[in-house]
Structures are given as structure tokens and as C-alpha cells.
$ cat run.cif   # mmCIF, C-alpha atoms
data_model
#
loop_
_atom_site.group_PDB
_atom_site.id
_atom_site.type_symbol
_atom_site.label_atom_id
_atom_site.label_comp_id
_atom_site.auth_asym_id
_atom_site.auth_seq_id
_atom_site.Cartn_x
_atom_site.Cartn_y
_atom_site.Cartn_z
ATOM 1 C CA MET A 1 -109.207 104.527 15.029
ATOM 2 C CA THR A 2 -111.726 101.724 15.240
ATOM 3 C CA PRO A 3 -110.952 98.436 17.023
ATOM 4 C CA SER A 4 -110.786 96.756 13.600
ATOM 5 C CA GLU A 5 -108.278 99.331 12.358
ATOM 6 C CA LEU A 6 -106.195 98.907 15.512
ATOM 7 C CA LEU A 7 -106.087 95.128 15.081
ATOM 8 C CA THR A 8 -105.239 95.528 11.391
ATOM 9 C CA GLU A 9 -102.316 97.787 12.285
ATOM 10 C CA ALA A 10 -101.048 95.298 14.859
ATOM 11 C CA PHE A 11 -101.397 92.257 12.567
ATOM 12 C CA SER A 12 -99.649 94.189 9.762
ATOM 13 C CA ARG A 13 -96.404 94.183 11.711
ATOM 14 C CA ILE A 14 -96.124 90.393 11.703
ATOM 15 C CA PRO A 15 -95.228 89.835 8.018
ATOM 16 C CA GLU A 16 -92.830 92.799 8.116
ATOM 17 C CA THR A 17 -91.017 91.300 11.109
ATOM 18 C CA VAL A 18 -90.888 87.792 9.651
ATOM 19 C CA ASP A 19 -89.735 89.060 6.250
ATOM 20 C CA ARG A 20 -86.745 90.784 7.887
ATOM 21 C CA SER A 21 -85.810 87.460 9.479
ATOM 22 C CA LEU A 22 -86.029 85.534 6.201
ATOM 23 C CA ASP A 23 -84.444 88.121 3.931
ATOM 24 C CA GLY A 24 -81.558 86.856 1.832
ATOM 25 C CA LEU A 25 -81.371 83.393 3.411
ATOM 26 C CA SER A 26 -81.327 80.094 1.528
ATOM 27 C CA ALA A 27 -83.586 77.150 2.323
ATOM 28 C CA ASP A 28 -80.591 75.446 3.963
ATOM 29 C CA GLN A 29 -79.954 78.464 6.170
ATOM 30 C CA LEU A 30 -83.637 78.671 7.068
ATOM 31 C CA ALA A 31 -83.496 75.012 8.164
ATOM 32 C CA THR A 32 -80.468 75.575 10.427
ATOM 33 C CA ARG A 33 -80.985 75.213 14.179
ATOM 34 C CA PRO A 34 -79.287 77.642 16.561
ATOM 35 C CA ALA A 35 -78.913 74.744 19.043
ATOM 36 C CA ALA A 36 -79.748 71.034 19.062
ATOM 37 C CA GLY A 37 -83.504 70.569 19.075
ATOM 38 C CA ALA A 38 -84.287 74.284 18.687
ATOM 39 C CA ASN A 39 -86.835 75.628 16.225
ATOM 40 C CA THR A 40 -85.602 76.697 12.812
ATOM 41 C CA LEU A 41 -86.417 79.945 11.038
ATOM 42 C CA ALA A 42 -88.388 77.965 8.450
ATOM 43 C CA TRP A 43 -90.504 76.301 11.117
ATOM 44 C CA LEU A 44 -91.079 79.562 13.004
ATOM 45 C CA ALA A 45 -92.241 81.374 9.860
ATOM 46 C CA TRP A 46 -94.420 78.462 8.732
ATOM 47 C CA HIS A 47 -95.962 77.946 12.185
ATOM 48 C CA THR A 48 -96.657 81.672 12.548
ATOM 49 C CA ALA A 49 -98.632 81.638 9.313
ATOM 50 C CA ARG A 50 -100.330 78.276 9.977
ATOM 51 C CA GLY A 51 -101.531 79.248 13.446
ATOM 52 C CA GLN A 52 -102.925 82.565 12.254
ATOM 53 C CA ASP A 53 -104.496 80.964 9.188
ATOM 54 C CA ALA A 54 -106.268 78.197 11.101
ATOM 55 C CA GLN A 55 -107.549 80.371 13.911
ATOM 56 C CA VAL A 56 -108.737 83.297 11.786
ATOM 57 C CA ALA A 57 -110.436 80.873 9.365
ATOM 58 C CA ALA A 58 -112.251 79.308 12.323
ATOM 59 C CA LEU A 59 -113.450 82.728 13.486
ATOM 60 C CA ALA A 60 -114.508 83.698 9.962
ATOM 61 C CA GLY A 61 -116.151 80.364 9.230
ATOM 62 C CA SER A 62 -114.043 79.980 6.101
ATOM 63 C CA GLU A 63 -111.595 77.485 4.648
ATOM 64 C CA GLN A 64 -107.959 78.046 5.534
ATOM 65 C CA VAL A 65 -105.705 79.758 2.981
ATOM 66 C CA TRP A 66 -103.396 76.722 3.377
ATOM 67 C CA THR A 67 -105.852 74.424 1.629
ATOM 68 C CA ALA A 68 -108.116 76.849 -0.248
ATOM 69 C CA ASP A 69 -105.268 78.483 -2.158
ATOM 70 C CA GLY A 70 -103.055 75.432 -2.680
ATOM 71 C CA TRP A 71 -100.260 76.310 -0.258
ATOM 72 C CA VAL A 72 -100.309 72.814 1.210
ATOM 73 C CA GLU A 73 -99.337 71.425 -2.213
ATOM 74 C CA ARG A 74 -96.738 74.128 -2.869
ATOM 75 C CA PHE A 75 -94.981 73.370 0.400
ATOM 76 C CA GLY A 76 -95.214 69.590 -0.019
ATOM 77 C CA LEU A 77 -94.505 68.942 3.646
ATOM 78 C CA PRO A 78 -94.717 65.390 4.992
ATOM 79 C CA PHE A 79 -97.590 66.193 7.374
ATOM 80 C CA PRO A 80 -101.371 66.003 7.220
ATOM 81 C CA ALA A 81 -102.961 69.145 5.762
ATOM 82 C CA GLU A 82 -104.320 70.096 9.196
ATOM 83 C CA ALA A 83 -100.857 70.200 10.843
ATOM 84 C CA LEU A 84 -100.104 73.552 12.461
ATOM 85 C CA GLY A 85 -96.869 72.860 14.274
ATOM 86 C CA TYR A 86 -98.320 72.422 17.758
ATOM 87 C CA GLY A 87 -96.812 69.412 19.498
ATOM 88 C CA MET A 88 -94.388 68.609 16.694
ATOM 89 C CA SER A 89 -91.315 66.568 17.499
ATOM 90 C CA ARG A 90 -87.793 67.859 16.932
ATOM 91 C CA ASP A 91 -87.608 65.701 13.829
ATOM 92 C CA ASP A 92 -90.852 67.154 12.481
ATOM 93 C CA VAL A 93 -89.585 70.700 13.033
ATOM 94 C CA GLY A 94 -86.555 69.799 10.917
ATOM 95 C CA ARG A 95 -88.810 68.566 8.101
ATOM 96 C CA VAL A 96 -90.175 72.062 7.488
ATOM 97 C CA ARG A 97 -87.975 73.110 4.585
ATOM 98 C CA ALA A 98 -88.953 75.924 2.243
ATOM 99 C CA SER A 99 -87.582 78.971 0.503
ATOM 100 C CA ALA A 100 -87.874 82.425 1.991
ATOM 101 C CA GLU A 101 -90.130 83.372 -0.914
ATOM 102 C CA LEU A 102 -92.531 80.509 -0.261
ATOM 103 C CA LEU A 103 -92.676 81.155 3.485
ATOM 104 C CA SER A 104 -93.180 84.876 2.975
ATOM 105 C CA GLY A 105 -95.754 84.340 0.235
ATOM 106 C CA TYR A 106 -97.880 82.130 2.452
ATOM 107 C CA LEU A 107 -97.667 84.511 5.401
ATOM 108 C CA HIS A 108 -98.655 87.454 3.203
ATOM 109 C CA ALA A 109 -101.616 85.504 1.785
ATOM 110 C CA VAL A 110 -102.739 84.718 5.341
ATOM 111 C CA HIS A 111 -102.281 88.354 6.283
ATOM 112 C CA GLU A 112 -104.472 89.498 3.394
ATOM 113 C CA ARG A 113 -107.226 87.121 4.531
ATOM 114 C CA THR A 114 -106.858 88.310 8.129
ATOM 115 C CA VAL A 115 -107.126 91.967 7.126
ATOM 116 C CA ALA A 116 -110.187 91.225 4.990
ATOM 117 C CA TYR A 117 -111.806 89.448 7.934
ATOM 118 C CA LEU A 118 -110.963 92.230 10.382
ATOM 119 C CA GLY A 119 -112.586 94.707 7.995
ATOM 120 C CA THR A 120 -115.916 92.910 8.421
ATOM 121 C CA LEU A 121 -116.011 93.325 12.191
ATOM 122 C CA ALA A 122 -118.018 95.922 14.050
ATOM 123 C CA PRO A 123 -116.901 96.872 17.582
ATOM 124 C CA GLU A 124 -119.731 94.851 19.144
ATOM 125 C CA ASP A 125 -118.566 91.706 17.290
ATOM 126 C CA LEU A 126 -115.481 91.633 19.498
ATOM 127 C CA ASP A 127 -117.662 90.944 22.569
ATOM 128 C CA GLU A 128 -119.252 87.822 21.088
ATOM 129 C CA VAL A 129 -118.315 84.633 22.941
ATOM 130 C CA VAL A 130 -116.648 82.223 20.507
ATOM 131 C CA ASP A 131 -115.387 79.538 22.916
ATOM 132 C CA GLU A 132 -117.177 78.505 26.092
ATOM 133 C CA ALA A 133 -114.620 75.806 26.928
ATOM 134 C CA TRP A 134 -112.641 78.341 28.978
ATOM 135 C CA ASP A 135 -113.399 80.114 32.239
ATOM 136 C CA PRO A 136 -114.118 82.875 31.541
ATOM 137 C CA PRO A 137 -115.490 82.143 28.068
ATOM 138 C CA VAL A 138 -113.372 83.527 25.224
ATOM 139 C CA THR A 139 -114.688 86.434 23.171
ATOM 140 C CA ARG A 140 -113.845 87.120 19.540
ATOM 141 C CA GLY A 141 -111.724 90.078 20.639
ATOM 142 C CA ALA A 142 -109.804 88.020 23.201
ATOM 143 C CA ARG A 143 -109.198 85.274 20.618
ATOM 144 C CA LEU A 144 -107.856 87.810 18.109
ATOM 145 C CA VAL A 145 -105.506 89.228 20.742
ATOM 146 C CA SER A 146 -104.376 85.684 21.581
ATOM 147 C CA ILE A 147 -103.646 84.966 17.898
ATOM 148 C CA LEU A 148 -101.798 88.264 17.605
ATOM 149 C CA ASP A 149 -99.761 87.561 20.731
ATOM 150 C CA ASP A 150 -98.742 84.097 19.528
ATOM 151 C CA CYS A 151 -97.738 85.426 16.107
ATOM 152 C CA THR A 152 -95.712 88.334 17.458
ATOM 153 C CA GLN A 153 -93.870 86.034 19.861
ATOM 154 C CA HIS A 154 -92.918 83.663 17.038
ATOM 155 C CA ALA A 155 -91.969 86.545 14.744
ATOM 156 C CA GLY A 156 -89.692 87.892 17.472
ATOM 157 C CA GLN A 157 -88.200 84.449 17.998
ATOM 158 C CA ALA A 158 -87.432 84.281 14.284
ATOM 159 C CA GLY A 159 -85.518 87.554 14.485
ATOM 160 C CA TYR A 160 -83.603 86.287 17.498
ATOM 161 C CA VAL A 161 -82.734 82.993 15.771
ATOM 162 C CA ARG A 162 -81.489 84.882 12.712
ATOM 163 C CA GLY A 163 -79.254 86.991 14.932
ATOM 164 C CA LEU A 164 -77.889 83.949 16.766
ATOM 165 C CA LEU A 165 -77.129 82.081 13.584
ATOM 166 C CA PHE A 166 -75.778 84.752 11.287
ATOM 167 C CA PHE A 167 -74.691 87.806 13.228
ATOM 168 C CA SER A 168 -73.255 86.594 16.520
ATOM 169 C CA ARG A 169 -70.286 84.668 15.163
#

$ encode --input "run.cif" --output "C-alpha cells"
Amino acid sequence: MTPSELLTEAFSRIPETVDRSLDGLSADQLATRPAAGANTLAWLAWHTARGQDAQVAALAGSEQVWTADGWVERFGLPFPAEALGYGMSRDDVGRVRASAELLSGYLHAVHERTVAYLGTLAPEDLDEVVDEAWDPPVTRGARLVSILDDCTQHAGQAGYVRGLLFFSR
């Protein structure tokens, strides 16, 4: 297995995990908070896709799926197109309202773009420094692992929130 194939396998688990969390829930259920001020399933799914989209597009030197493929218009959220979810207020988190189909569709479109990008990488590409603002400087491989880690954490949180809201009562 090449490094690209390994990363593809790991990234492929994210949409599967998020889809299980969204399955069968209405937009109202997806916007429910398990506790005051907590993240909603809708926000977690959206932020997972947005973070991956923005960061992989930056690595690939391409436009984000969010804007290139019209997802920003389909969602119609009250935020600037560049919003990713980082630093959002509790009120902003609550403004992320969407159907399971829309959330899943966007995440799958991002996943397809990620897999296509990963398929272009040779093992030596992973050693290229892509961000010198850190000590040590960040390589392409380290950035991809960071993106993967963030996405898997949020996907796991989505599963936990679903369990808290709908299966623990």
C-alpha cells in the first residue's frame, strides 16, 4: 500500500462515520443541541466538510468545492463564503441548518475531491514543506494527517451527539 492509498483509506472512513450520524434525522433534529451551547449534528457535519474542503484545496492549489460547485448557494447559510466554523459563536452554530441529504452530499463531494488530490501525490510529495510558520515547519504529509485527525474527531463527536440525543433517553 502506498502512502497515498493509506491516506485514501483513512479519509474514506469520514463520510461513512458522518452518514451514520445523520441517517434518518430531520433538519430540526440535526439542529438540536445535546446541552446548552453545545455543537449540533448539523454544525459538526458541515464543519467537518468545510475544514477538509478548505485545507485540501489550499494544498492542491484549487478552488474549494464549497464555492466551485455551488454548495455555498445550496446551503444558503448567513455567513461569508469563506466561513469554516472556526471561532463561531453559539448563535452562529445554531444557524447551521440543513437536511441530512445536503450535509452528506457536500461531505461526499469534498471526499471525492480529496481522493482525487491524494491520487496525484507521490511519496516524496509528503515531505515537502507547505507551512514555515510553525516550528518545525509543516510538511504536506503532516498537514494531511492534521486534516484527517480534525475530521475524525468531529465525525466521532457527531456519533456521540446522536447517541446522547436519540438513544440515551

$ closest_atom_pairs --input "run.cif" --of "stretch 50-80 of chain A" --to "stretch 96-106 of chain A" --cutoff "12 Å" --atoms "all atoms listed in the file" --output "Markdown table"
| residue | atom | partner | partner_atom | distance |
| --- | --- | --- | --- | --- |
| A:Arg50 | CA | A:Tyr106 | CA | 8.8 |
| A:Gly51 | CA | A:Tyr106 | CA | 11.9 |
| A:Gln52 | CA | A:Tyr106 | CA | 11.0 |
| A:Asp53 | CA | A:Tyr106 | CA | 9.5 |
| A:Gln64 | CA | A:Tyr106 | CA | 11.3 |
| A:Val65 | CA | A:Tyr106 | CA | 8.2 |
| A:Trp66 | CA | A:Tyr106 | CA | 7.8 |
| A:Thr67 | CA | A:Tyr106 | CA | 11.1 |
| A:Ala68 | CA | A:Tyr106 | CA | 11.8 |
| A:Asp69 | CA | A:Tyr106 | CA | 9.4 |
| A:Gly70 | CA | A:Tyr106 | CA | 9.9 |
| A:Trp71 | CA | A:Tyr106 | CA | 6.8 |
| A:Val72 | CA | A:Tyr106 | CA | 9.7 |
| A:Glu73 | CA | A:Leu102 | CA | 11.5 |
| A:Arg74 | CA | A:Leu102 | CA | 8.1 |
| A:Phe75 | CA | A:Ala98 | CA | 6.8 |
| A:Gly76 | CA | A:Ala98 | CA | 9.2 |
| A:Leu77 | CA | A:Val96 | CA | 6.6 |
| A:Pro78 | CA | A:Val96 | CA | 8.4 |
| A:Phe79 | CA | A:Val96 | CA | 9.5 |

$ axis_aligned_box --input "run.cif" --around "stretch 29-38 of chain A" --padding-each-side "5 Å" --output "AutoDock Vina command-line options"
--center_x -81.6 --center_y 74.6 --center_z 12.6 --size_x 15.4 --size_y 18.1 --size_z 22.9

$ residues_around --input "run.cif" --residues "stretch 149-161 of chain A" --least-positions-apart "2" --cutoff "7 Å" --atoms "only C-alpha atoms" --output "list in words"
Ile14, Thr17, Val18, Ser21, Pro34, Leu41, Leu44, Thr48, Val145, Ser146, Ile147, Gly163, Leu164 and Leu165 of chain A

$ atom_distance --input "run.cif" --atom1 "atom CA of A:Ala60" --atom2 "atom CA of A:Tyr117"
6.7 Å

$ closest_residue --input "run.cif" --among "A:His47, A:Ala31, A:Val56, A:Ala142" --to "A:Leu118" --atoms "all atoms listed in the file"
A:Val56

$ atom_distance --input "run.cif" --atom1 "atom CA of A:Pro15" --atom2 "atom CA of A:His111"
7.4 Å

$ atom_distance --input "run.cif" --atom1 "atom CA of A:Arg113" --atom2 "atom CA of A:Ala57"
8.5 Å

$ resolve_selection --input "run.cif" --expression "the PyMOL selection byres ((chain A and resi 3-11) around 8)" --output "mmCIF file with C-alpha atoms, in the frame of the given file"
data_model
loop_
_atom_site.group_PDB
_atom_site.id
_atom_site.type_symbol
_atom_site.label_atom_id
_atom_site.label_comp_id
_atom_site.auth_asym_id
_atom_site.auth_seq_id
_atom_site.Cartn_x
_atom_site.Cartn_y
_atom_site.Cartn_z
ATOM 1 C CA MET A 1 -109.207 104.527 15.029
ATOM 2 C CA THR A 2 -111.726 101.724 15.240
ATOM 3 C CA SER A 12 -99.649 94.189 9.762
ATOM 4 C CA ARG A 13 -96.404 94.183 11.711
ATOM 5 C CA ILE A 14 -96.124 90.393 11.703
ATOM 6 C CA HIS A 111 -102.281 88.354 6.283
ATOM 7 C CA VAL A 115 -107.126 91.967 7.126
ATOM 8 C CA LEU A 118 -110.963 92.230 10.382
ATOM 9 C CA GLY A 119 -112.586 94.707 7.995
ATOM 10 C CA LEU A 121 -116.011 93.325 12.191
ATOM 11 C CA ALA A 122 -118.018 95.922 14.050
ATOM 12 C CA PRO A 123 -116.901 96.872 17.582
ATOM 13 C CA LEU A 148 -101.798 88.264 17.605
#

$ closest_residue --input "run.cif" --among "A:Gly94, A:Gly61, A:Pro80, A:Gly24" --to "A:Ala36" --atoms "all atoms listed in the file"
A:Gly94

$ residues_near_point --input "run.cif" --point "(-85.9, 76.0, 12.7)" --cutoff "6 Å" --atoms "only C-alpha atoms" --output "number ranges by chain"
A: 31-33, 39-43

$ build_atoms --input "run.cif" --residues "stretch 94-105 of chain A" --atoms "all heavy atoms" --output "PDB file, keeping the file's coordinate frame"
ATOM      1  N   GLY A  94     -87.608  69.830  11.926  1.00  0.00           N
ATOM      2  CA  GLY A  94     -86.555  69.799  10.917  1.00  0.00           C
ATOM      3  C   GLY A  94     -87.055  69.469   9.519  1.00  0.00           C
ATOM      4  O   GLY A  94     -86.357  69.733   8.534  1.00  0.00           O
ATOM      5  N   ARG A  95     -88.238  68.915   9.410  1.00  0.00           N
ATOM      6  CA  ARG A  95     -88.810  68.566   8.101  1.00  0.00           C
ATOM      7  C   ARG A  95     -89.465  69.758   7.406  1.00  0.00           C
ATOM      8  O   ARG A  95     -89.866  69.650   6.248  1.00  0.00           O
ATOM      9  CB  ARG A  95     -89.807  67.427   8.254  1.00  0.00           C
ATOM     10  CG  ARG A  95     -89.145  66.107   8.579  1.00  0.00           C
ATOM     11  CD  ARG A  95     -90.169  64.965   8.674  1.00  0.00           C
ATOM     12  NE  ARG A  95     -89.499  63.741   9.028  1.00  0.00           N
ATOM     13  CZ  ARG A  95     -89.470  63.225  10.260  1.00  0.00           C
ATOM     14  NH1 ARG A  95     -90.105  63.815  11.242  1.00  0.00           N
ATOM     15  NH2 ARG A  95     -88.819  62.107  10.497  1.00  0.00           N
ATOM     16  N   VAL A  96     -89.613  70.861   8.118  1.00  0.00           N
ATOM     17  CA  VAL A  96     -90.175  72.062   7.488  1.00  0.00           C
ATOM     18  C   VAL A  96     -89.037  72.755   6.752  1.00  0.00           C
ATOM     19  O   VAL A  96     -88.193  73.420   7.350  1.00  0.00           O
ATOM     20  CB  VAL A  96     -90.828  73.007   8.520  1.00  0.00           C
ATOM     21  CG1 VAL A  96     -91.334  74.273   7.838  1.00  0.00           C
ATOM     22  CG2 VAL A  96     -91.966  72.295   9.241  1.00  0.00           C
ATOM     23  N   ARG A  97     -88.998  72.527   5.456  1.00  0.00           N
ATOM     24  CA  ARG A  97     -87.975  73.110   4.585  1.00  0.00           C
ATOM     25  C   ARG A  97     -88.686  73.848   3.465  1.00  0.00           C
ATOM     26  O   ARG A  97     -89.551  73.281   2.800  1.00  0.00           O
ATOM     27  CB  ARG A  97     -87.057  72.045   4.022  1.00  0.00           C
ATOM     28  CG  ARG A  97     -86.179  71.393   5.082  1.00  0.00           C
ATOM     29  CD  ARG A  97     -85.134  70.506   4.470  1.00  0.00           C
ATOM     30  NE  ARG A  97     -84.263  71.181   3.539  1.00  0.00           N
ATOM     31  CZ  ARG A  97     -83.112  71.795   3.862  1.00  0.00           C
ATOM     32  NH1 ARG A  97     -82.715  71.817   5.101  1.00  0.00           N
ATOM     33  NH2 ARG A  97     -82.385  72.367   2.937  1.00  0.00           N
ATOM     34  N   ALA A  98     -88.316  75.106   3.281  1.00  0.00           N
ATOM     35  CA  ALA A  98     -88.953  75.924   2.243  1.00  0.00           C
ATOM     36  C   ALA A  98     -88.077  77.135   1.976  1.00  0.00           C
ATOM     37  O   ALA A  98     -87.250  77.520   2.806  1.00  0.00           O
ATOM     38  CB  ALA A  98     -90.340  76.370   2.699  1.00  0.00           C
ATOM     39  N   SER A  99     -88.308  77.744   0.834  1.00  0.00           N
ATOM     40  CA  SER A  99     -87.582  78.971   0.503  1.00  0.00           C
ATOM     41  C   SER A  99     -88.180  80.152   1.266  1.00  0.00           C
ATOM     42  O   SER A  99     -89.337  80.111   1.705  1.00  0.00           O
ATOM     43  CB  SER A  99     -87.678  79.246  -1.002  1.00  0.00           C
ATOM     44  OG  SER A  99     -89.013  79.609  -1.347  1.00  0.00           O
ATOM     45  N   ALA A 100     -87.390  81.193   1.363  1.00  0.00           N
ATOM     46  CA  ALA A 100     -87.874  82.425   1.991  1.00  0.00           C
ATOM     47  C   ALA A 100     -89.077  82.965   1.227  1.00  0.00           C
ATOM     48  O   ALA A 100     -90.038  83.460   1.833  1.00  0.00           O
ATOM     49  CB  ALA A 100     -86.754  83.459   2.046  1.00  0.00           C
ATOM     50  N   GLU A 101     -89.038  82.862  -0.083  1.00  0.00           N
ATOM     51  CA  GLU A 101     -90.130  83.372  -0.914  1.00  0.00           C
ATOM     52  C   GLU A 101     -91.435  82.621  -0.655  1.00  0.00           C
ATOM     53  O   GLU A 101     -92.506  83.226  -0.574  1.00  0.00           O
ATOM     54  CB  GLU A 101     -89.768  83.294  -2.397  1.00  0.00           C
ATOM     55  CG  GLU A 101     -88.628  84.207  -2.812  1.00  0.00           C
ATOM     56  CD  GLU A 101     -87.235  83.672  -2.433  1.00  0.00           C
ATOM     57  OE1 GLU A 101     -87.080  82.454  -2.126  1.00  0.00           O
ATOM     58  OE2 GLU A 101     -86.298  84.476  -2.417  1.00  0.00           O
ATOM     59  N   LEU A 102     -91.342  81.305  -0.516  1.00  0.00           N
ATOM     60  CA  LEU A 102     -92.531  80.509  -0.261  1.00  0.00           C
ATOM     61  C   LEU A 102     -93.100  80.815   1.125  1.00  0.00           C
ATOM     62  O   LEU A 102     -94.304  81.029   1.281  1.00  0.00           O
ATOM     63  CB  LEU A 102     -92.209  79.015  -0.394  1.00  0.00           C
ATOM     64  CG  LEU A 102     -93.387  78.052  -0.321  1.00  0.00           C
ATOM     65  CD1 LEU A 102     -94.369  78.289  -1.467  1.00  0.00           C
ATOM     66  CD2 LEU A 102     -92.878  76.614  -0.344  1.00  0.00           C
ATOM     67  N   LEU A 103     -92.239  80.857   2.115  1.00  0.00           N
ATOM     68  CA  LEU A 103     -92.676  81.155   3.485  1.00  0.00           C
ATOM     69  C   LEU A 103     -93.312  82.535   3.567  1.00  0.00           C
ATOM     70  O   LEU A 103     -94.391  82.714   4.147  1.00  0.00           O
ATOM     71  CB  LEU A 103     -91.491  81.055   4.453  1.00  0.00           C
ATOM     72  CG  LEU A 103     -90.947  79.648   4.673  1.00  0.00           C
ATOM     73  CD1 LEU A 103     -89.535  79.706   5.242  1.00  0.00           C
ATOM     74  CD2 LEU A 103     -91.876  78.848   5.571  1.00  0.00           C
ATOM     75  N   SER A 104     -92.661  83.510   2.969  1.00  0.00           N
ATOM     76  CA  SER A 104     -93.180  84.876   2.975  1.00  0.00           C
ATOM     77  C   SER A 104     -94.481  84.975   2.188  1.00  0.00           C
ATOM     78  O   SER A 104     -95.435  85.646   2.612  1.00  0.00           O
ATOM     79  CB  SER A 104     -92.134  85.832   2.397  1.00  0.00           C
ATOM     80  OG  SER A 104     -92.628  87.147   2.371  1.00  0.00           O
ATOM     81  N   GLY A 105     -94.547  84.307   1.050  1.00  0.00           N
ATOM     82  CA  GLY A 105     -95.754  84.340   0.235  1.00  0.00           C
ATOM     83  C   GLY A 105     -96.964  83.811   0.979  1.00  0.00           C
ATOM     84  O   GLY A 105     -98.049  84.405   0.929  1.00  0.00           O
TER      85      GLY A 105
END
